[in-house]
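Content type compact mmCIF, C-alpha atoms, from the file data00.txt:
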```
# COMPACT_ATOMS: atom_id res chain seq x y z
CA MET A 72 -8.13 -3.28 22.79
CA SER A 73 -7.32 -6.56 24.43
CA THR A 74 -4.13 -7.24 22.49
CA GLY A 75 -2.17 -4.70 24.52
CA ALA A 76 1.45 -3.64 24.17
CA THR A 77 2.80 -7.10 24.99
CA GLY A 78 0.58 -8.70 22.34
CA LEU A 79 1.78 -6.21 19.73
CA ASP A 80 5.38 -6.91 20.74
CA HIS A 81 4.83 -10.62 20.13
CA ALA A 82 3.04 -9.90 16.86
CA PHE A 83 5.87 -7.71 15.58
CA ALA A 84 8.45 -10.34 16.50
CA ALA A 85 6.40 -13.05 14.75
CA VAL A 86 6.01 -10.99 11.58
CA MET A 87 9.74 -10.25 11.51
CA GLU A 88 10.56 -13.93 11.96
CA ARG A 89 8.13 -14.77 9.16
CA VAL A 90 10.16 -12.44 6.90
CA ALA A 91 13.30 -14.44 7.67
CA VAL A 92 11.54 -17.74 6.95
CA THR A 93 10.12 -16.38 3.70
CA ALA A 94 13.54 -15.10 2.61
CA GLY A 95 14.98 -18.56 3.04
CA ALA A 96 12.14 -20.09 1.05
CA VAL A 97 11.99 -17.75 -1.96
CA GLY A 98 15.68 -17.03 -2.57
CA THR A 99 16.09 -14.38 -5.26
CA ARG A 100 12.43 -14.54 -6.32
CA PHE A 101 9.68 -12.26 -4.97
CA PRO A 102 6.82 -13.61 -2.82
CA LEU A 103 3.32 -12.69 -3.92
CA TYR A 104 0.79 -14.68 -1.87
CA ALA A 105 1.02 -17.74 0.39
CA ASP A 106 -1.27 -20.71 0.89
CA PRO A 107 -3.24 -20.18 4.12
CA GLN A 108 -2.66 -23.76 5.29
CA ASP A 109 1.00 -24.52 4.72
CA GLY A 110 2.41 -21.03 4.10
CA ARG A 111 4.00 -21.89 0.76
CA TRP A 112 4.49 -18.85 -1.42
CA THR A 113 3.52 -18.25 -5.01
CA THR A 114 6.41 -16.15 -6.32
CA THR A 115 7.38 -13.99 -9.28
CA GLY A 116 10.79 -13.67 -10.89
CA ARG A 117 10.80 -9.89 -11.44
CA GLY A 118 8.57 -8.74 -8.62
CA SER A 119 5.62 -7.33 -10.59
CA TRP A 120 3.82 -4.44 -8.86
CA THR A 121 4.41 -6.02 -5.42
CA GLY A 122 8.20 -6.30 -5.54
CA GLY A 123 8.79 -3.16 -3.51
CA PHE A 124 6.80 -4.55 -0.61
CA TRP A 125 9.14 -7.51 -0.31
CA ALA A 126 12.21 -5.27 -0.43
CA GLY A 127 10.52 -3.02 2.15
CA LEU A 128 9.86 -5.98 4.45
CA LEU A 129 13.52 -6.94 4.26
CA TRP A 130 14.53 -3.38 5.17
CA LEU A 131 12.12 -3.38 8.11
CA ARG A 132 13.68 -6.62 9.34
CA ALA A 133 17.17 -5.15 8.92
CA ARG A 134 16.18 -2.15 11.02
CA TYR A 135 14.53 -4.42 13.58
CA THR A 136 17.55 -6.72 14.00
CA GLY A 137 20.38 -4.30 13.24
CA ASP A 138 22.15 -7.24 11.60
CA GLY A 139 24.54 -6.55 8.72
CA ALA A 140 23.52 -9.69 6.85
CA ASP A 141 19.88 -8.61 6.94
CA ARG A 142 20.87 -5.20 5.60
CA ARG A 143 22.83 -6.75 2.76
CA ALA A 144 19.90 -9.01 1.87
CA ALA A 145 17.58 -5.98 1.76
CA ALA A 146 20.01 -4.01 -0.39
CA ALA A 147 20.41 -6.90 -2.84
CA CYS A 148 16.66 -7.29 -3.19
CA THR A 149 16.19 -3.56 -3.75
CA ALA A 150 18.82 -3.62 -6.50
CA ARG A 151 16.78 -6.28 -8.30
CA LEU A 152 13.96 -3.76 -8.68
CA ALA A 153 16.06 -1.56 -11.01
CA PRO A 154 14.58 -2.88 -14.30
CA TRP A 155 11.22 -1.41 -13.30
CA VAL A 156 12.58 2.16 -13.45
CA ARG A 157 11.78 2.43 -17.16
CA ALA A 158 8.64 0.28 -17.11
CA ASP A 159 5.48 2.06 -18.24
CA THR A 160 3.39 1.69 -15.09
CA ALA A 161 2.07 4.03 -12.43
CA THR A 162 2.71 1.26 -9.90
CA ARG A 163 6.31 2.42 -9.89
CA GLY A 164 5.11 4.52 -6.98
CA LEU A 165 4.35 1.37 -5.00
CA ILE A 166 7.49 -0.40 -6.19
CA PHE A 167 10.06 2.29 -5.58
CA TRP A 168 8.67 4.25 -2.67
CA TYR A 169 7.93 1.28 -0.42
CA GLY A 170 10.95 -0.62 -1.70
CA THR A 171 13.38 2.16 -0.76
CA ALA A 172 11.87 4.47 1.89
CA PRO A 173 12.30 1.91 4.71
CA ALA A 174 16.02 1.85 3.85
CA GLY A 175 16.47 5.26 5.45
CA ASP A 176 19.67 6.94 4.29
CA ASP A 177 21.09 3.95 2.41
CA THR A 178 22.99 5.53 -0.48
CA GLU A 179 22.16 3.00 -3.19
CA ALA A 180 18.47 2.82 -2.27
CA THR A 181 18.27 6.61 -2.33
CA ALA A 182 19.93 6.75 -5.74
CA LEU A 183 17.50 4.17 -7.13
CA ARG A 184 14.54 6.09 -5.71
CA ASP A 185 15.81 9.31 -7.32
CA ARG A 186 16.16 7.58 -10.70
CA ALA A 187 12.65 6.19 -10.40
CA ALA A 188 11.22 9.57 -9.38
CA ALA A 189 12.77 11.22 -12.44
CA ALA A 190 11.37 8.49 -14.70
CA VAL A 191 7.87 8.78 -13.25
CA LEU A 192 8.03 12.57 -13.57
CA SER A 193 8.89 12.18 -17.26
CA ALA A 194 5.75 10.03 -17.66
CA HIS A 195 3.50 12.70 -16.15
CA ASP A 196 1.04 13.95 -18.76
CA GLY A 197 0.56 17.65 -18.13
CA GLU A 198 -2.52 17.86 -20.33
CA LEU A 199 -4.27 15.03 -18.47
CA GLY A 200 -2.87 16.12 -15.12
CA LEU A 201 -1.70 12.65 -14.13
CA VAL A 202 0.69 9.78 -14.73
CA PRO A 203 -1.27 7.27 -16.85
CA TRP A 204 -1.64 3.74 -15.53
CA GLY A 205 0.60 2.39 -18.28
CA ASP A 206 0.75 -0.89 -20.16
CA ALA A 207 3.68 -2.69 -18.52
CA LEU A 208 1.33 -5.01 -16.63
CA GLY A 209 -0.94 -5.62 -19.63
CA GLY A 210 -4.28 -4.11 -20.57
CA PRO A 211 -5.07 -0.56 -21.70
CA ARG A 212 -2.58 2.19 -20.95
CA MET A 213 -4.88 5.18 -20.54
CA LEU A 214 -6.39 4.37 -17.17
CA ALA A 215 -6.64 6.32 -13.95
CA ARG A 216 -6.55 3.88 -11.01
CA VAL A 217 -6.42 4.53 -7.30
CA ASP A 218 -3.55 2.06 -6.84
CA GLY A 219 -1.46 4.27 -9.11
CA VAL A 220 -1.58 7.10 -6.54
CA PRO A 221 -0.08 5.83 -3.23
CA GLY A 222 3.70 5.83 -3.28
CA THR A 223 3.62 8.00 -6.40
CA VAL A 224 2.77 11.08 -4.32
CA PRO A 225 5.84 10.94 -2.04
CA LEU A 226 8.05 9.54 -4.83
CA LEU A 227 7.36 12.48 -7.14
CA THR A 228 7.82 14.93 -4.29
CA GLY A 229 11.45 13.88 -4.18
CA ALA A 230 11.96 15.07 -7.77
CA GLY A 231 12.16 18.77 -6.86
CA PRO A 232 9.59 21.55 -7.41
CA HIS A 233 8.38 20.11 -10.72
CA GLY A 234 7.96 16.74 -9.03
CA ALA A 235 5.95 18.25 -6.19
CA ALA A 236 3.67 20.03 -8.65
CA ALA A 237 3.18 16.80 -10.60
CA ALA A 238 2.46 14.89 -7.38
CA ALA A 239 -0.23 17.37 -6.37
CA ALA A 240 -1.77 17.35 -9.86
CA HIS A 241 -1.71 13.53 -9.99
CA LEU A 242 -3.47 13.21 -6.63
CA HIS A 243 -6.08 15.91 -7.20
CA ARG A 244 -6.88 14.63 -10.69
CA HIS A 245 -7.54 11.19 -9.22
CA LEU A 246 -9.75 12.76 -6.55
CA ASP A 247 -11.65 14.54 -9.35
CA LEU A 248 -12.14 11.31 -11.26
CA CYS A 249 -12.48 8.72 -8.50
CA LEU A 250 -14.51 10.76 -5.99
CA GLY A 251 -16.03 13.33 -8.32
CA ALA A 252 -19.49 11.83 -8.70
CA ASN A 253 -22.45 13.50 -7.01
CA PRO A 254 -23.21 12.06 -4.54
CA PRO A 255 -19.60 10.89 -4.12
CA VAL A 256 -19.13 7.22 -4.98
CA LEU A 257 -15.68 5.74 -5.24
CA ARG A 258 -14.76 4.73 -8.77
CA PRO A 259 -11.47 2.84 -8.40
CA ALA A 260 -10.60 2.82 -12.09
CA LEU A 261 -11.55 4.85 -15.14
CA ARG A 262 -10.58 4.54 -18.81
CA LEU A 263 -10.03 7.43 -21.20
CA ASP A 264 -12.40 6.74 -24.09
CA GLY A 265 -11.90 9.32 -26.84
CA ALA A 266 -14.69 11.88 -27.09
CA ALA A 267 -16.57 10.19 -24.23
CA GLY A 268 -13.80 11.13 -21.82
CA TRP A 269 -13.12 9.23 -18.62
CA GLN A 270 -15.50 6.31 -18.17
CA PRO A 271 -15.70 4.06 -15.06
CA CYS A 272 -14.34 0.54 -15.42
CA ALA A 273 -16.26 -2.48 -14.13
CA ASP A 274 -13.12 -3.99 -12.62
CA PRO A 275 -12.21 -3.35 -9.89
CA PRO A 276 -15.77 -2.68 -8.67
CA PRO A 277 -16.85 0.39 -6.66
CA GLY A 278 -16.93 -1.69 -3.46
CA TRP A 279 -13.32 -2.87 -3.79
CA SER A 280 -11.83 -2.75 -0.31
CA ARG A 281 -8.35 -1.62 -1.29
CA GLY A 282 -9.70 1.17 -3.47
CA ARG A 283 -10.54 3.35 -0.48
CA ALA A 284 -7.48 2.21 1.45
CA TRP A 285 -5.05 3.12 -1.34
CA LEU A 286 -6.59 6.53 -1.93
CA LEU A 287 -6.71 7.30 1.79
CA LEU A 288 -3.01 6.47 2.05
CA ALA A 289 -2.19 8.88 -0.78
CA VAL A 290 -4.27 11.65 0.82
CA ALA A 291 -2.54 11.11 4.17
CA ASP A 292 0.88 11.39 2.52
CA ALA A 293 -0.15 14.65 0.86
CA LEU A 294 -1.40 16.12 4.14
CA LEU A 295 2.01 15.38 5.69
CA ARG A 296 3.69 17.44 2.97
CA PRO A 297 2.76 21.12 3.23
CA ASP A 298 4.03 21.90 -0.29
CA LEU A 299 1.58 19.37 -1.74
CA ALA A 300 -1.34 20.49 0.40
CA ALA A 301 -0.65 24.11 -0.56
CA ALA A 302 -0.58 23.22 -4.25
CA GLY A 303 -4.18 22.09 -4.00
CA SER A 304 -6.77 22.52 -1.30
CA THR A 305 -5.92 21.36 2.20
CA ALA A 306 -9.59 21.48 3.10
CA ARG A 307 -10.39 19.25 0.15
CA LEU A 308 -7.82 16.68 1.28
CA HIS A 309 -9.34 16.63 4.77
CA GLU A 310 -12.81 16.21 3.27
CA ALA A 311 -11.58 13.36 1.08
CA ALA A 312 -10.03 11.60 4.08
CA GLU A 313 -13.27 11.91 6.04
CA LEU A 314 -15.33 10.59 3.14
CA LEU A 315 -13.03 7.63 2.56
CA LEU A 316 -13.11 6.70 6.23
CA GLU A 317 -16.88 7.08 6.52
CA GLN A 318 -17.47 4.91 3.44
CA GLY A 319 -14.61 2.53 4.13
CA GLY A 320 -16.57 -0.69 3.96
CA PHE A 321 -15.93 -1.58 7.59
CA PRO A 322 -18.79 -3.56 9.15
CA PRO A 323 -20.41 -1.98 12.22
CA CYS A 324 -18.92 -4.51 14.65
CA GLY A 325 -15.64 -5.19 12.85
CA LEU A 326 -12.37 -3.64 11.82
CA VAL A 327 -11.61 -5.65 8.69
CA PRO A 328 -13.62 -4.83 5.55
CA ALA A 329 -15.16 -7.24 3.09
CA ALA A 330 -13.07 -7.57 -0.08
CA ASP A 331 -16.15 -6.37 -1.99
CA GLU A 332 -18.86 -4.37 -0.26
CA ALA A 333 -21.42 -5.96 -2.59
CA ARG A 334 -20.57 -9.31 -0.99
CA PRO A 335 -20.69 -8.53 2.76
CA HIS A 336 -20.61 -12.23 3.63
CA GLY A 337 -17.81 -12.99 1.18
CA PRO A 338 -14.05 -12.92 1.79
CA LEU A 339 -12.51 -10.31 4.06
CA ASP A 340 -9.42 -8.33 3.13
CA THR A 341 -6.94 -7.89 5.97
CA SER A 342 -4.53 -6.18 3.59
CA ALA A 343 -7.01 -3.30 3.16
CA ALA A 344 -7.26 -3.01 6.95
CA ALA A 345 -3.45 -2.90 7.28
CA ILE A 346 -3.15 -0.20 4.60
CA THR A 347 -5.88 1.80 6.35
CA ALA A 348 -4.09 1.49 9.70
CA VAL A 349 -0.89 2.93 8.20
CA ALA A 350 -2.86 5.77 6.60
CA LEU A 351 -4.43 6.52 9.99
CA LEU A 352 -1.02 6.53 11.69
CA LYS A 353 0.01 9.16 9.16
CA LEU A 354 -3.19 11.17 9.70
CA ALA A 355 -2.45 11.07 13.42
CA ARG A 356 0.66 13.15 12.65
CA VAL A 357 -1.39 15.82 10.86
CA PRO A 358 -2.22 18.61 13.35
CA GLY A 359 -5.92 18.87 14.05
CA PRO A 360 -8.77 17.66 16.23
CA ARG A 361 -8.86 14.16 14.69
CA ALA A 362 -5.23 13.28 15.33
CA ALA A 363 -5.84 11.41 18.57
CA GLN A 364 -8.85 9.59 17.15
CA SER A 365 -6.83 8.52 14.11
CA ALA A 366 -4.04 7.17 16.32
CA TYR A 367 -6.50 5.20 18.45
CA ARG A 368 -8.30 3.78 15.45
CA ALA A 369 -5.01 2.75 13.79
CA GLU A 370 -3.79 0.93 16.89
CA THR A 371 -7.17 -0.73 17.31
CA ILE A 372 -7.06 -2.08 13.75
CA LEU A 373 -3.49 -3.32 14.20
CA GLY A 374 -4.53 -4.97 17.45
CA ARG A 375 -7.42 -6.76 15.77
CA LEU A 376 -5.17 -7.99 12.97
CA ALA A 377 -2.61 -9.27 15.46
CA GLU A 378 -5.19 -10.88 17.72
CA SER A 379 -7.59 -12.44 15.22
CA HIS A 380 -5.82 -12.81 11.86
CA LEU A 381 -2.17 -13.52 12.60
CA SER A 382 -1.13 -17.17 12.75
CA GLY A 383 0.49 -18.19 16.00
CA PRO A 384 2.04 -21.18 17.74
CA GLY A 385 -0.19 -24.23 17.75
CA SER A 386 -2.23 -23.09 14.73
CA GLY A 387 -0.75 -25.73 12.46
CA ARG A 388 0.59 -22.95 10.24
CA PRO A 389 3.91 -21.11 10.19
CA PRO A 390 3.64 -18.28 12.76
CA GLY A 391 3.49 -14.66 11.68
CA MET A 392 1.22 -15.06 8.64
CA LEU A 393 -1.37 -12.32 8.16
CA LEU A 394 -4.28 -14.45 6.98
CA HIS A 395 -7.58 -13.57 5.29
CA GLY A 396 -6.15 -11.28 2.65
CA CYS A 397 -7.96 -11.24 -0.69
CA TYR A 398 -6.05 -10.67 -3.91
CA ASP A 399 -9.03 -10.68 -6.30
CA ALA A 400 -12.50 -11.73 -5.11
CA ALA A 401 -14.12 -11.56 -8.56
CA LYS A 402 -11.58 -13.94 -10.07
CA GLY A 403 -11.44 -16.16 -6.99
CA LEU A 404 -7.68 -15.56 -6.82
CA ALA A 405 -6.01 -15.97 -3.41
CA VAL A 406 -9.15 -15.00 -1.52
CA ARG A 407 -8.13 -16.06 2.01
CA HIS A 408 -4.37 -15.90 1.72
CA GLU A 409 -1.33 -14.22 3.17
CA LEU A 410 -0.43 -11.34 0.83
CA VAL A 411 3.01 -9.78 0.70
CA TRP A 412 1.60 -6.22 0.76
CA GLY A 413 -0.65 -7.09 3.70
CA ASP A 414 2.41 -8.34 5.57
CA PHE A 415 4.28 -5.17 4.65
CA PHE A 416 1.69 -2.71 5.88
CA LEU A 417 1.09 -4.69 9.08
CA ALA A 418 4.85 -4.74 9.67
CA LEU A 419 5.13 -1.02 8.86
CA GLY A 420 2.36 -0.12 11.28
CA LEU A 421 3.87 -2.23 14.06
CA ALA A 422 7.35 -0.85 13.31
CA ALA A 423 5.97 2.68 13.68
CA LEU A 424 4.36 1.86 17.03
CA HIS A 425 7.66 0.37 18.23
CA GLY A 426 9.73 3.38 17.09
CA VAL A 427 11.64 1.38 14.46
CA VAL A 428 10.58 3.78 11.69
CA ASP A 429 9.26 7.33 11.43
CA ILE A 430 5.87 6.80 9.76
CA THR A 431 6.00 10.28 8.21
CA ARG A 432 9.05 9.23 6.16
CA VAL A 433 7.87 5.87 4.83
```
Structure encoded using C-alpha cells:
Amino acid sequence: MSTGATGLDHAFAAVMERVAVTAGAVGTRFPLYADPQDGRWTTTGRGSWTGGFWAGLLWLRARYTGDGADRRAAAACTARLAPWVRADTATRGLIFWYGTAPAGDDTEATALRDRAAAAVLSAHDGELGLVPWGDALGGPRMLARVDGVPGTVPLLTGAGPHGAAAAAAHLHRHLDLCLGANPPVLRPALRLDGAAGWQPCADPPPGWSRGRAWLLLAVADALLRPDLAAAGSTARLHEAAELLLEQGGFPPCGLVPAADEARPHGPLDTSAAAITAVALLKLARVPGPRAAQSAYRAETILGRLAESHLSGPGSGRPPGMLLHGCYDAAKGLAVRHELVWGDFFLALGLAALHGVVDITRV
C-alpha cells in the first residue's frame, strides 16, 4: 500500500479538520451529504437515521484533539438525539450506538445509550425473533432490513441478559432471511406479507453495496461478544462473514465496490468500503487464522480511500472530503457525494489505526 503511515496520518488530520469546518457550517443541524464540488452540506433538523454518525464524528474529534470545547460540542449534539429514543425504527441501533460509543465513559452519553437500549429491547418481537424496521421514517413497518442490524447488536447487548438474547435473535433472524436462500443470495430487505410470509423487496436491490457491508459489520460485532456467539452458532457467524466478503461486490482490481453490482460501470460507493474496513478491523480482533489477513485488508482499503478518494490541497475542494459515496443509485440521489456515514467510518477506521479508539468498543 503506497499511502503508508505518513499518508494515513495526513488523511486522519484532514478528516478531523473537515469535521471542524462542517461543525461551523451546519450549526445545530445535522449534515447528511455534501456537494462534491464545493462541499456544501444538505442538512436535516432532527438527524434522521444518520444523526448518530455526526455525533460520533464530533466525539472522535474530541478524542483526537483532547479539547474541552470539542467535547462539549459532541455532548450537545448527542443530547439532541434524545427524541429518537421512542421513535419506531430499527435504525435506533445506528443512531444511538455510533452516536454514543465513541464518547467512551461520558456519563450523559452512557445514560442516553442505556435508555435507547431499553426502548429497542421493548420493541423486540419475540414471535418474529427481531426488532421490526418500524414506520418512523415512512413506509411499511413490518420489514426486515440489513441496515436495522448494525449498531442494534451491540446496543441491545448493553441491556442485560435479555438484551443479549434479543441481540442474538435479531442478528440470526436477519441471517435466516437475508442470506437464507439456496444458493445464498443477499436479500437486503424483506416485507412480512400475511400468509405469504417474508417476501423480498425490490428496493434496495440484491446488489446494493451497503447491504453486505452493514450485515458484515453486525456479524463482526457479534463475533467480538462471546455471549452473542454462544447464543447462536459461532461457526455460522464465521461462514456468514466469509460469504459476505467473497460476494462483497469488490471489482477484481479495486477496493471500492459499485453502488449496485448490476451497474458495474455506474457510481462507486466509498461509504460501503469504509464500513467494510471497520468490520474487517473488528474481525482482525477475533482469534483465528484470518485475523492477520483481515487487518491487512482493512488497512489496504483505508489506504485506497485516503489516497484516491479523499480531497486534498489543490483539488479545488475543501480538504478531507471522502468523495464518491452514493446515497441512492436508483433514485439518482447524491450519487458521487461526501456522505456523513462514509466520513464517520473512515474516521473510525483511521482512529483505530492511530490508537485513538478501541475498535472492539465502538
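With distances taken over all atoms listed in the file, A:Ala94 is the one residue among A:Ala266, A:Ala94, A:Ala363, A:Leu214 lying closest to Cys148 in chain A.
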If we count all atoms listed in the file and set the cut-off at 12 Å, which residues sit around Asp109 in chain A, ignoring sequence neighbours fewer than 2 positions away in its own chain? Please answer as a short mmCIF file (atom, residue, chain, number, x, y, z; two decimals) with C-alpha atoms, in the coordinates of the input.
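Generated file (out.cif):
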```cif
data_model
loop_
_atom_site.label_atom_id
_atom_site.label_comp_id
_atom_site.auth_asym_id
_atom_site.auth_seq_id
_atom_site.Cartn_x
_atom_site.Cartn_y
_atom_site.Cartn_z
CA TYR A 104 0.79 -14.68 -1.87
CA ALA A 105 1.02 -17.74 0.39
CA ASP A 106 -1.27 -20.71 0.89
CA PRO A 107 -3.24 -20.18 4.12
CA ARG A 111 4.00 -21.89 0.76
CA TRP A 112 4.49 -18.85 -1.42
CA THR A 113 3.52 -18.25 -5.01
CA SER A 382 -1.13 -17.17 12.75
CA SER A 386 -2.23 -23.09 14.73
CA GLY A 387 -0.75 -25.73 12.46
CA ARG A 388 0.59 -22.95 10.24
CA PRO A 389 3.91 -21.11 10.19
CA PRO A 390 3.64 -18.28 12.76
CA MET A 392 1.22 -15.06 8.64
CA LEU A 394 -4.28 -14.45 6.98
CA HIS A 408 -4.37 -15.90 1.72
CA GLU A 409 -1.33 -14.22 3.17
#
```
Compare A:Arg258, A:Arg184, A:Arg216, A:Arg361 by their minimum atom-to-atom distance to Thr228 in chain A, counting only C-alpha atoms, and give me the closest one.
A:Arg184
In Å, how far is it from CA of Leu326 in chain A to CA of Gln364 in chain A?
14.7 Å
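Residue nearest Arg262 in chain A, chosen from A:Phe415, A:Trp204, A:Trp155, A:Trp120 and counting all atoms listed in the file: A:Trp204.
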Select, from A:His81, A:His395, A:His309, A:Arg281, the residue with the minimum atom-to-atom distance to Ile346 in chain A, counting all atoms listed in the file.
A:Arg281
So that I can check the surroundings of Leu417 in chain A, please list as number ranges by chain every protein, DNA and RNA residue that reaches within 12 Å of it, counting only C-alpha atoms and ignoring chain neighbours fewer than 3 positions away.
A: 79, 82-87, 124, 127-128, 131, 341-350, 352, 369-370, 372-377, 380-381, 391-394, 396, 409-414, 420-424
Using only C-alpha atoms, can you tell me which of A:Pro225, A:Gly122, A:Ala188, A:Ala147 comes closest to Leu103 in chain A?
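For Leu103 in chain A, the nearest of the candidates is A:Gly122.
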Which one of A:Gly234, A:Leu287, A:Leu201, A:Pro211 sits closest to Leu248 in chain A if you count all atoms listed in the file?
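For Leu248 in chain A, the nearest of the candidates is A:Leu201.
Our summary of the geometry notes that CA of Ala400 in chain A is positioned 26.5 Å from CA of Asp264 in chain A.
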At a cut-off of 12 Å, using only C-alpha atoms, what residues contact Asp177 in chain A? Leave out same-chain residues fewer than 2 positions from it and give the result as a compact mmCIF listing (two decimals) with C-alpha atoms, in the frame of the given file.
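See result-v1.txt below for the written result:
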```txt
# COMPACT_ATOMS: atom_id res chain seq x y z
CA TRP A 130 14.53 -3.38 5.17
CA ALA A 133 17.17 -5.15 8.92
CA ARG A 134 16.18 -2.15 11.02
CA ARG A 142 20.87 -5.20 5.60
CA ARG A 143 22.83 -6.75 2.76
CA ALA A 145 17.58 -5.98 1.76
CA ALA A 146 20.01 -4.01 -0.39
CA THR A 149 16.19 -3.56 -3.75
CA ALA A 150 18.82 -3.62 -6.50
CA GLY A 170 10.95 -0.62 -1.70
CA THR A 171 13.38 2.16 -0.76
CA ALA A 172 11.87 4.47 1.89
CA PRO A 173 12.30 1.91 4.71
CA ALA A 174 16.02 1.85 3.85
CA GLY A 175 16.47 5.26 5.45
CA GLU A 179 22.16 3.00 -3.19
CA ALA A 180 18.47 2.82 -2.27
CA THR A 181 18.27 6.61 -2.33
CA ALA A 182 19.93 6.75 -5.74
CA LEU A 183 17.50 4.17 -7.13
CA ARG A 184 14.54 6.09 -5.71
```
Mind giving me the straight-line distance from CA of Val202 in chain A to CA of Asp331 in chain A in Å, one decimal?
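Result for CA of Val202 in chain A versus CA of Asp331 in chain A: 26.6 Å, one decimal.
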Quick one: everything within 8 Å of range 312-318 of chain A, counting only C-alpha atoms, minus sequence neighbours fewer than 5 positions away in the same chain. Send it as a list in words.
Arg283, Ala284, Leu286, Leu287, Val290 and Ala291 of chain A
Residue selection dump (C-alpha atoms) as an mmCIF file, keeping the file's coordinate frame:
```cif
data_model
loop_
_atom_site.group_PDB
_atom_site.id
_atom_site.type_symbol
_atom_site.label_atom_id
_atom_site.label_comp_id
_atom_site.auth_asym_id
_atom_site.auth_seq_id
_atom_site.Cartn_x
_atom_site.Cartn_y
_atom_site.Cartn_z
ATOM 1 C CA ARG A 283 -10.540 3.350 -0.480
ATOM 2 C CA ALA A 284 -7.480 2.210 1.450
ATOM 3 C CA LEU A 286 -6.590 6.530 -1.930
ATOM 4 C CA LEU A 287 -6.710 7.300 1.790
ATOM 5 C CA VAL A 290 -4.270 11.650 0.820
ATOM 6 C CA ALA A 291 -2.540 11.110 4.170
#
```
Within 12 Å of (1.2, 12.4, -13.7), in the coordinates the file gives, what residues turn up when you count only C-alpha atoms, written out as a PyMOL selection string?
chain A and resi 160-164+188-205+213-216+219-220+223-224+226-228+233-245
